[in-house]
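Peer 1: What follows is the file query_13.cif, containing mmCIF, C-alpha atoms:
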data_coords
loop_
_atom_site.label_atom_id
_atom_site.label_comp_id
_atom_site.auth_asym_id
_atom_site.auth_seq_id
_atom_site.Cartn_x
_atom_site.Cartn_y
_atom_site.Cartn_z
CA MET A 19 3.01 17.69 6.50
CA VAL A 20 2.09 14.09 5.69
CA GLN A 21 -0.89 12.50 7.43
CA ALA A 22 -1.39 9.07 8.95
CA LYS A 23 -3.33 6.72 6.67
CA ILE A 24 -4.33 3.18 7.58
CA ALA A 25 -4.87 0.68 4.76
CA PRO A 26 -6.19 -2.74 5.83
CA SER A 27 -5.18 -5.39 3.30
CA LEU A 28 -8.27 -7.19 2.03
CA LEU A 29 -6.03 -10.18 1.24
CA SER A 30 -6.63 -11.21 4.86
CA SER A 31 -10.37 -10.53 4.80
CA ASP A 32 -13.23 -12.90 4.04
CA PHE A 33 -13.21 -12.95 0.22
CA ALA A 34 -16.79 -14.24 0.19
CA GLN A 35 -17.79 -10.97 1.92
CA LEU A 36 -15.36 -8.61 0.20
CA ALA A 37 -17.70 -5.62 -0.16
CA SER A 38 -18.99 -5.80 3.41
CA GLU A 39 -15.43 -6.28 4.72
CA CYS A 40 -14.36 -3.16 2.84
CA GLU A 41 -17.27 -1.14 4.20
CA ARG A 42 -16.66 -2.46 7.69
CA VAL A 43 -13.05 -1.28 7.93
CA LYS A 44 -14.03 2.01 6.29
CA GLU A 45 -16.59 2.55 9.07
CA TYR A 46 -13.86 1.73 11.59
CA GLY A 47 -11.79 4.61 10.20
CA ALA A 48 -9.60 3.01 7.52
CA ASP A 49 -8.41 5.50 4.90
CA TYR A 50 -7.74 2.96 2.14
CA CYS A 51 -8.71 -0.58 1.28
CA HIS A 52 -5.48 -2.17 0.08
CA MET A 53 -6.10 -4.59 -2.79
CA ASP A 54 -3.32 -7.10 -3.49
CA VAL A 55 -3.29 -8.04 -7.18
CA MET A 56 -1.01 -11.00 -7.99
CA ASP A 57 -0.55 -12.72 -11.34
CA GLY A 58 1.16 -15.99 -10.39
CA HIS A 59 4.20 -14.91 -12.41
CA PHE A 60 5.81 -11.81 -10.90
CA VAL A 61 4.95 -13.44 -7.58
CA PRO A 62 4.02 -17.11 -7.05
CA ASN A 63 0.51 -16.50 -5.74
CA LEU A 64 -2.64 -15.70 -7.74
CA THR A 65 -5.33 -13.43 -6.29
CA ILE A 66 -7.70 -10.93 -7.91
CA GLY A 67 -7.88 -8.75 -11.01
CA ALA A 68 -9.84 -5.86 -12.49
CA PRO A 69 -13.17 -7.77 -12.67
CA VAL A 70 -13.19 -8.11 -8.87
CA ILE A 71 -12.34 -4.41 -8.44
CA LYS A 72 -15.19 -3.55 -10.82
CA ALA A 73 -17.65 -5.69 -8.87
CA LEU A 74 -16.43 -4.28 -5.56
CA ARG A 75 -16.71 -0.68 -6.73
CA LYS A 76 -20.47 -1.08 -7.19
CA HIS A 77 -20.84 -1.71 -3.47
CA THR A 78 -18.34 0.62 -1.79
CA SER A 79 -17.10 4.18 -1.98
CA ALA A 80 -13.87 3.25 -0.20
CA PHE A 81 -10.54 4.39 -1.65
CA LEU A 82 -9.22 1.33 -3.50
CA ASP A 83 -5.43 1.23 -3.21
CA CYS A 84 -4.48 -1.38 -5.82
CA HIS A 85 -1.01 -2.90 -5.47
CA LEU A 86 -0.16 -4.75 -8.67
CA MET A 87 2.39 -7.51 -8.20
CA VAL A 88 2.35 -8.39 -11.88
CA SER A 89 4.91 -8.84 -14.64
CA ASN A 90 3.47 -6.39 -17.17
CA PRO A 91 1.61 -3.70 -15.21
CA GLY A 92 1.17 -1.43 -18.20
CA GLN A 93 -1.28 -3.77 -19.87
CA TRP A 94 -3.72 -3.44 -16.96
CA VAL A 95 -3.92 0.33 -16.52
CA GLU A 96 -7.02 0.86 -18.64
CA ASP A 97 -8.83 -2.12 -17.11
CA PHE A 98 -8.23 -0.95 -13.55
CA ALA A 99 -9.19 2.62 -14.39
CA LYS A 100 -12.47 1.44 -15.89
CA ALA A 101 -13.00 -0.85 -12.91
CA GLY A 102 -12.85 2.09 -10.49
CA ALA A 103 -9.42 1.80 -8.90
CA ASP A 104 -8.33 4.99 -7.14
CA LEU A 105 -4.61 4.29 -6.99
CA PHE A 106 -2.56 2.05 -9.27
CA CYS A 107 0.73 1.02 -7.65
CA PHE A 108 3.21 -1.01 -9.68
CA HIS A 109 6.63 -2.48 -8.98
CA VAL A 110 9.69 -0.68 -10.27
CA GLU A 111 11.19 -4.11 -10.95
CA ALA A 112 8.37 -4.92 -13.40
CA THR A 113 9.01 -2.25 -16.05
CA ASP A 114 11.86 -0.70 -18.00
CA ASP A 115 10.11 2.67 -18.25
CA PRO A 116 8.52 3.73 -14.95
CA LYS A 117 8.13 7.36 -16.04
CA SER A 118 6.03 6.50 -19.06
CA LEU A 119 3.86 4.14 -17.04
CA ILE A 120 3.30 6.77 -14.35
CA GLU A 121 2.16 9.21 -17.04
CA THR A 122 -0.22 6.61 -18.45
CA ILE A 123 -1.72 5.96 -15.02
CA HIS A 124 -2.31 9.66 -14.49
CA SER A 125 -3.83 10.05 -17.96
CA HIS A 126 -6.41 7.45 -16.95
CA GLY A 127 -7.45 9.46 -13.90
CA MET A 128 -5.79 7.38 -11.20
CA LYS A 129 -3.16 8.24 -8.62
CA ALA A 130 0.16 6.49 -9.19
CA GLY A 131 2.27 4.57 -6.72
CA LEU A 132 5.63 2.89 -7.09
CA ALA A 133 6.54 -0.23 -5.10
CA VAL A 134 9.93 -1.69 -4.29
CA LYS A 135 10.88 -5.22 -3.20
CA PRO A 136 13.12 -5.75 -0.15
CA ALA A 137 16.25 -6.45 -2.23
CA THR A 138 15.82 -3.39 -4.45
CA PRO A 139 17.72 -0.27 -3.29
CA ILE A 140 16.07 3.09 -2.81
CA SER A 141 18.25 4.48 -5.61
CA ALA A 142 16.04 2.60 -8.09
CA ILE A 143 13.01 4.76 -7.26
CA LEU A 144 14.50 8.13 -6.34
CA PRO A 145 14.32 9.46 -9.94
CA TYR A 146 10.52 9.03 -9.85
CA THR A 147 9.53 10.22 -6.38
CA SER A 148 8.38 13.63 -7.63
CA LEU A 149 6.07 11.99 -10.17
CA VAL A 150 4.06 9.64 -7.94
CA GLN A 151 1.60 10.08 -5.11
CA HIS A 152 3.21 7.45 -2.94
CA ILE A 153 6.04 4.96 -2.62
CA LEU A 154 5.39 1.47 -1.24
CA ILE A 155 8.27 -0.18 0.58
CA MET A 156 7.72 -3.91 1.02
CA THR A 157 8.67 -5.14 4.48
CA VAL A 158 8.19 -8.77 3.40
CA GLU A 159 8.75 -10.53 0.11
CA PRO A 160 5.65 -9.83 -2.01
CA GLY A 161 3.32 -12.67 -2.82
CA PHE A 162 1.86 -14.01 0.42
CA GLY A 163 0.10 -12.66 3.49
CA GLY A 164 1.02 -13.47 7.07
CA GLN A 165 4.80 -13.22 6.72
CA SER A 166 7.14 -11.94 9.42
CA PHE A 167 8.22 -8.30 9.34
CA MET A 168 11.71 -7.68 7.93
CA SER A 169 13.33 -5.23 10.36
CA ASP A 170 16.25 -4.66 7.99
CA MET A 171 13.89 -2.55 5.84
CA ILE A 172 13.84 0.18 8.49
CA PRO A 173 16.96 1.97 7.13
CA LYS A 174 15.35 2.01 3.68
CA ILE A 175 12.24 3.74 5.05
CA ARG A 176 14.37 6.23 6.95
CA GLU A 177 16.50 6.99 3.90
CA LEU A 178 13.46 7.60 1.70
CA ARG A 179 11.84 9.89 4.27
CA LYS A 180 15.05 11.90 4.41
CA HIS A 181 14.89 12.40 0.64
CA CYS A 182 11.11 12.96 0.52
CA PRO A 183 9.76 14.74 3.60
CA GLU A 184 6.31 15.37 2.08
CA LEU A 185 5.70 12.13 0.18
CA ASP A 186 3.31 9.42 1.32
CA ILE A 187 5.47 6.42 2.26
CA GLU A 188 3.50 3.20 2.50
CA VAL A 189 4.79 0.04 4.15
CA ASP A 190 3.36 -3.43 3.67
CA GLY A 191 4.20 -6.71 5.34
CA GLY A 192 4.10 -8.17 8.84
CA ILE A 193 2.93 -4.97 10.55
CA GLY A 194 0.59 -5.02 13.54
CA LEU A 195 -0.23 -3.03 16.64
CA ASN A 196 3.05 -3.97 18.32
CA GLU A 197 6.72 -3.03 18.04
CA THR A 198 6.50 -3.15 14.22
CA ILE A 199 4.18 -0.12 13.97
CA ASP A 200 6.48 1.78 16.33
CA ALA A 201 9.51 0.95 14.17
CA VAL A 202 8.04 1.90 10.78
CA ALA A 203 6.35 5.05 12.10
CA GLU A 204 9.55 6.26 13.74
CA ALA A 205 11.45 5.60 10.52
CA GLY A 206 9.05 7.75 8.53
CA ALA A 207 6.24 5.62 7.13
CA ASN A 208 2.83 7.29 7.26
CA VAL A 209 0.66 4.87 5.23
CA ILE A 210 0.31 1.53 6.99
CA VAL A 211 -0.86 -1.63 5.25
CA SER A 212 -1.90 -4.40 7.61
CA GLY A 213 -3.76 -7.57 6.73
CA SER A 214 -3.77 -10.18 9.49
CA GLY A 215 -2.77 -7.40 11.89
CA VAL A 216 -6.27 -5.97 11.40
CA PHE A 217 -8.51 -8.79 10.19
CA GLY A 218 -6.85 -11.30 12.48
CA ARG A 219 -7.98 -9.31 15.52
CA LYS A 220 -11.67 -10.20 15.43
CA GLY A 221 -13.75 -7.74 17.38
CA GLU A 222 -10.78 -5.42 17.82
CA GLU A 223 -10.38 -4.08 14.28
CA LYS A 224 -11.35 -0.52 15.20
CA LYS A 225 -9.04 -0.55 18.19
CA VAL A 226 -6.16 -1.68 15.96
CA ILE A 227 -6.86 0.94 13.27
CA ASP A 228 -7.14 3.71 15.88
CA GLY A 229 -4.01 2.50 17.65
CA MET A 230 -1.95 2.43 14.46
CA ARG A 231 -3.11 5.93 13.55
CA GLU A 232 -2.15 7.20 16.98
CA LYS A 233 1.35 5.71 16.67
CA VAL A 234 1.90 7.29 13.24
CA ASP A 235 0.51 10.65 14.37
CA GLU A 236 2.88 10.66 17.34
CA ALA A 237 5.86 9.96 15.08
CA ILE A 238 4.85 12.68 12.61
CA GLN A 239 4.51 15.24 15.40
CA LYS A 240 7.85 14.21 16.87
CA ARG A 241 9.64 14.71 13.52
CA ALA A 242 7.91 18.06 13.05
CA SER A 243 9.18 19.31 16.42
CA THR A 244 12.83 18.41 15.82
#
Starting from the file, give its structure as structure tokens.

Peer 2:
Amino acid sequence: MVQAKIAPSLLSSDFAQLASECERVKEYGADYCHMDVMDGHFVPNLTIGAPVIKALRKHTSAFLDCHLMVSNPGQWVEDFAKAGADLFCFHVEATDDPKSLIETIHSHGMKAGLAVKPATPISAILPYTSLVQHILIMTVEPGFGGQSFMSDMIPKIRELRKHCPELDIEVDGGIGLNETIDAVAEAGANVIVSGSGVFGRKGEEKKVIDGMREKVDEAIQKRAST
């Protein structure tokens, strides 16, 4: 049975205090620290790269869930492995050979994830679901934080869960402790990325993380009993 995992997105944290922000949400019960890596090409924004992950790793033992929104993910595998990334998640739209890239990621000692944009159908990733540790379904267009949740992604989550009952399904974009967490959890997501939904609730971060976990746990138990 899959487990609930909460992954605050450090894109919405205080970048000047990145290590302490990571440790803070870890102490509040976060399972992952979600690191948004953007190259200004695959997506219009530009954020962080392997040097920041390397610097961060020296100050935290948190699980670093690195989501690469980049045009040529294969060229960065070795750098991120050396930097200390735990999971390397790339977009299926960014490579012609996902299987080979997944094998390369594993050979460098990292877990592999496969991400899919809102317009990309689930059929594009189904051939690779048995090879990766998780699938990331974007519930906003990748590239910027603070966007509104796209409710039309719910059928995509539900379809993937039907095909993959034991796979970690991560969702990212516009999710908070409101009707959005209820919707994605009911559809089958068990790994929840939330940026402003966590960091935007100053003084309530632990409450939000605990609340999201409770919602996902309830949905998992409900599916198990049916």

Peer 1: Expanded to explicit residues, what is the PyMOL selection byres ((chain A and resi 85) around 12) for this file, as an MDAnalysis selection string?

Peer 2: chainID A and resid 25 27:29 50:57 65:68 71 82:84 86:88 91 94:95 98 103:110 129:134 152:156 160:161 188:190 211

Peer 1: Evaluate the PyMOL selection byres ((chain A and resi 199) around 12) against this structure - the residues, as a count of residues only, please.

Peer 2: 42

Peer 1: Write out as AutoDock Vina command-line options an axis-aligned box for region 59-72 of chain A: all of its atoms listed in the file, 3 Å added on each side, centre and edge lengths in Å with one decimal.

Peer 2:
--center_x -4.7 --center_y -10.3 --center_z -9.2 --size_x 27.0 --size_y 19.6 --size_z 12.9

Peer 1: Under the rule that all atoms listed in the file are counted, which of A:Ser243, A:Asn63, A:Gln151, A:Thr78 is the nearest residue to Leu36 (chain A)?

Peer 2: A:Thr78

Peer 1: What lies within 8 Å of Ala99 (chain A) using only C-alpha atoms, ignoring chain neighbours under 6 positions off, as number ranges by chain?

Peer 2: A: 126-128

Peer 1: Can you pull out every residue within 10 Å of region 114-116 of chain A, counting only C-alpha atoms, but drop anything in the same chain fewer than 2 positions away, and send it as a CSV table (one decimal) with C-alpha atoms, in the coordinates of the input?

Peer 2:
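Below you can see part.csv, which holds the result:
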chain,number,residue,atom,x,y,z
A,92,GLY,CA,1.2,-1.4,-18.2
A,108,PHE,CA,3.2,-1.0,-9.7
A,109,HIS,CA,6.6,-2.5,-9.0
A,110,VAL,CA,9.7,-0.7,-10.3
A,111,GLU,CA,11.2,-4.1,-11.0
A,112,ALA,CA,8.4,-4.9,-13.4
A,118,SER,CA,6.0,6.5,-19.1
A,119,LEU,CA,3.9,4.1,-17.0
A,120,ILE,CA,3.3,6.8,-14.4
A,121,GLU,CA,2.2,9.2,-17.0
A,122,THR,CA,-0.2,6.6,-18.4
A,132,LEU,CA,5.6,2.9,-7.1
A,143,ILE,CA,13.0,4.8,-7.3
A,145,PRO,CA,14.3,9.5,-9.9
A,146,TYR,CA,10.5,9.0,-9.8
A,149,LEU,CA,6.1,12.0,-10.2

Peer 1: Skipping near chain neighbours, those fewer than 2 positions away, what residues fall within 10 Å of Tyr46 (chain A) using all atoms listed in the file, listed as JSON, numbers by chain?

Peer 2: {"A": [41, 42, 43, 44, 48, 49, 222, 223, 224, 225, 226, 227, 228]}

Peer 1: Which is closest to Ile238 (chain A) among A:Ile123, A:Leu74, A:Gly47, A:Pro183, if we use all atoms listed in the file?

Peer 2: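 Closest to Ile238 (chain A) of all the choices is A:Pro183.
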
Peer 1: For Asp32 (chain A), which residue out of A:Lys220, A:Thr113, A:Ile140, A:Lys240 is the nearest one, using all atoms listed in the file?

Peer 2: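 Among the listed residues, A:Lys220 lies closest to Asp32 (chain A).
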
Peer 1: Suppose you want the space between CA of Cys40 (chain A) and CA of Gly58 (chain A); what is it in Å?

Peer 2: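 One can read the CA of Cys40 (chain A) to CA of Gly58 (chain A) distance as 24.1 Å.
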
Peer 1: Give the answer as one residue: which of A:Ser148, A:Lys76, A:Arg219, A:Glu184 has the shortest atom-to-atom distance to Ala242 (chain A), using only C-alpha atoms?

Peer 2: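 Residue with the minimum atom-to-atom distance to Ala242 (chain A): A:Glu184.
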
Peer 1: Which residues come within 10 Å of Cys182 (chain A), counting all atoms listed in the file, excluding same-chain residues fewer than 2 positions away, as an MDAnalysis selection string?

Peer 2: chainID A and resid 144 147:148 153 176:180 184:187 206

Peer 1: What does the structure give for the distance between CA of Ser31 (chain A) and CA of Gly213 (chain A), in Å to one decimal?

Peer 2: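 Atom-to-atom, CA of Ser31 (chain A) to CA of Gly213 (chain A), that is 7.5 Å.
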
Peer 1: Measure the distance from CA of Pro136 (chain A) to CA of Pro173 (chain A) in Å and round it to one decimal.

Peer 2: 11.3 Å

Peer 1: Rebuild region 78-93 of chain A to N, CA, C and O atoms - output it as a PDB file, keeping the file's coordinate frame, please.

Peer 2:
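Below is the file that was written, selection-v1.pdb:
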ATOM      1  N   THR A  78     -19.083  -0.150  -2.783  1.00  0.00           N
ATOM      2  CA  THR A  78     -18.340   0.620  -1.790  1.00  0.00           C
ATOM      3  C   THR A  78     -17.784   1.896  -2.405  1.00  0.00           C
ATOM      4  O   THR A  78     -17.445   1.935  -3.591  1.00  0.00           O
ATOM      5  N   SER A  79     -17.724   2.917  -1.570  1.00  0.00           N
ATOM      6  CA  SER A  79     -17.100   4.180  -1.980  1.00  0.00           C
ATOM      7  C   SER A  79     -15.693   4.297  -1.416  1.00  0.00           C
ATOM      8  O   SER A  79     -15.060   5.349  -1.523  1.00  0.00           O
ATOM      9  N   ALA A  80     -15.203   3.229  -0.815  1.00  0.00           N
ATOM     10  CA  ALA A  80     -13.870   3.250  -0.200  1.00  0.00           C
ATOM     11  C   ALA A  80     -12.789   3.529  -1.244  1.00  0.00           C
ATOM     12  O   ALA A  80     -12.938   3.193  -2.421  1.00  0.00           O
ATOM     13  N   PHE A  81     -11.702   4.132  -0.792  1.00  0.00           N
ATOM     14  CA  PHE A  81     -10.540   4.390  -1.650  1.00  0.00           C
ATOM     15  C   PHE A  81      -9.849   3.050  -1.882  1.00  0.00           C
ATOM     16  O   PHE A  81      -9.363   2.411  -0.945  1.00  0.00           O
ATOM     17  N   LEU A  82      -9.799   2.624  -3.150  1.00  0.00           N
ATOM     18  CA  LEU A  82      -9.220   1.330  -3.500  1.00  0.00           C
ATOM     19  C   LEU A  82      -7.771   1.519  -3.938  1.00  0.00           C
ATOM     20  O   LEU A  82      -7.473   2.020  -5.019  1.00  0.00           O
ATOM     21  N   ASP A  83      -6.890   1.129  -3.050  1.00  0.00           N
ATOM     22  CA  ASP A  83      -5.430   1.230  -3.210  1.00  0.00           C
ATOM     23  C   ASP A  83      -4.953  -0.092  -3.803  1.00  0.00           C
ATOM     24  O   ASP A  83      -4.762  -1.071  -3.088  1.00  0.00           O
ATOM     25  N   CYS A  84      -4.781  -0.123  -5.128  1.00  0.00           N
ATOM     26  CA  CYS A  84      -4.480  -1.380  -5.820  1.00  0.00           C
ATOM     27  C   CYS A  84      -2.985  -1.551  -6.025  1.00  0.00           C
ATOM     28  O   CYS A  84      -2.344  -0.763  -6.728  1.00  0.00           O
ATOM     29  N   HIS A  85      -2.445  -2.585  -5.418  1.00  0.00           N
ATOM     30  CA  HIS A  85      -1.010  -2.900  -5.470  1.00  0.00           C
ATOM     31  C   HIS A  85      -0.825  -4.051  -6.448  1.00  0.00           C
ATOM     32  O   HIS A  85      -1.165  -5.200  -6.146  1.00  0.00           O
ATOM     33  N   LEU A  86      -0.298  -3.741  -7.622  1.00  0.00           N
ATOM     34  CA  LEU A  86      -0.160  -4.750  -8.670  1.00  0.00           C
ATOM     35  C   LEU A  86       1.202  -5.431  -8.606  1.00  0.00           C
ATOM     36  O   LEU A  86       2.226  -4.829  -8.931  1.00  0.00           O
ATOM     37  N   MET A  87       1.191  -6.675  -8.194  1.00  0.00           N
ATOM     38  CA  MET A  87       2.390  -7.510  -8.200  1.00  0.00           C
ATOM     39  C   MET A  87       2.305  -8.384  -9.444  1.00  0.00           C
ATOM     40  O   MET A  87       2.002  -9.578  -9.377  1.00  0.00           O
ATOM     41  N   VAL A  88       2.541  -7.738 -10.581  1.00  0.00           N
ATOM     42  CA  VAL A  88       2.350  -8.390 -11.880  1.00  0.00           C
ATOM     43  C   VAL A  88       3.532  -8.089 -12.787  1.00  0.00           C
ATOM     44  O   VAL A  88       4.228  -7.085 -12.616  1.00  0.00           O
ATOM     45  N   SER A  89       3.732  -8.940 -13.777  1.00  0.00           N
ATOM     46  CA  SER A  89       4.910  -8.840 -14.640  1.00  0.00           C
ATOM     47  C   SER A  89       4.824  -7.731 -15.684  1.00  0.00           C
ATOM     48  O   SER A  89       5.844  -7.193 -16.093  1.00  0.00           O
ATOM     49  N   ASN A  90       3.633  -7.420 -16.135  1.00  0.00           N
ATOM     50  CA  ASN A  90       3.470  -6.390 -17.170  1.00  0.00           C
ATOM     51  C   ASN A  90       2.373  -5.421 -16.740  1.00  0.00           C
ATOM     52  O   ASN A  90       1.264  -5.448 -17.283  1.00  0.00           O
ATOM     53  N   PRO A  91       2.660  -4.559 -15.772  1.00  0.00           N
ATOM     54  CA  PRO A  91       1.610  -3.700 -15.210  1.00  0.00           C
ATOM     55  C   PRO A  91       0.959  -2.772 -16.230  1.00  0.00           C
ATOM     56  O   PRO A  91      -0.224  -2.447 -16.109  1.00  0.00           O
ATOM     57  N   GLY A  92       1.718  -2.366 -17.229  1.00  0.00           N
ATOM     58  CA  GLY A  92       1.170  -1.430 -18.200  1.00  0.00           C
ATOM     59  C   GLY A  92      -0.052  -1.926 -18.939  1.00  0.00           C
ATOM     60  O   GLY A  92      -0.922  -1.140 -19.325  1.00  0.00           O
ATOM     61  N   GLN A  93      -0.155  -3.232 -19.117  1.00  0.00           N
ATOM     62  CA  GLN A  93      -1.280  -3.770 -19.870  1.00  0.00           C
ATOM     63  C   GLN A  93      -2.597  -3.714 -19.106  1.00  0.00           C
ATOM     64  O   GLN A  93      -3.672  -3.901 -19.684  1.00  0.00           O
TER      65      GLN A  93
END
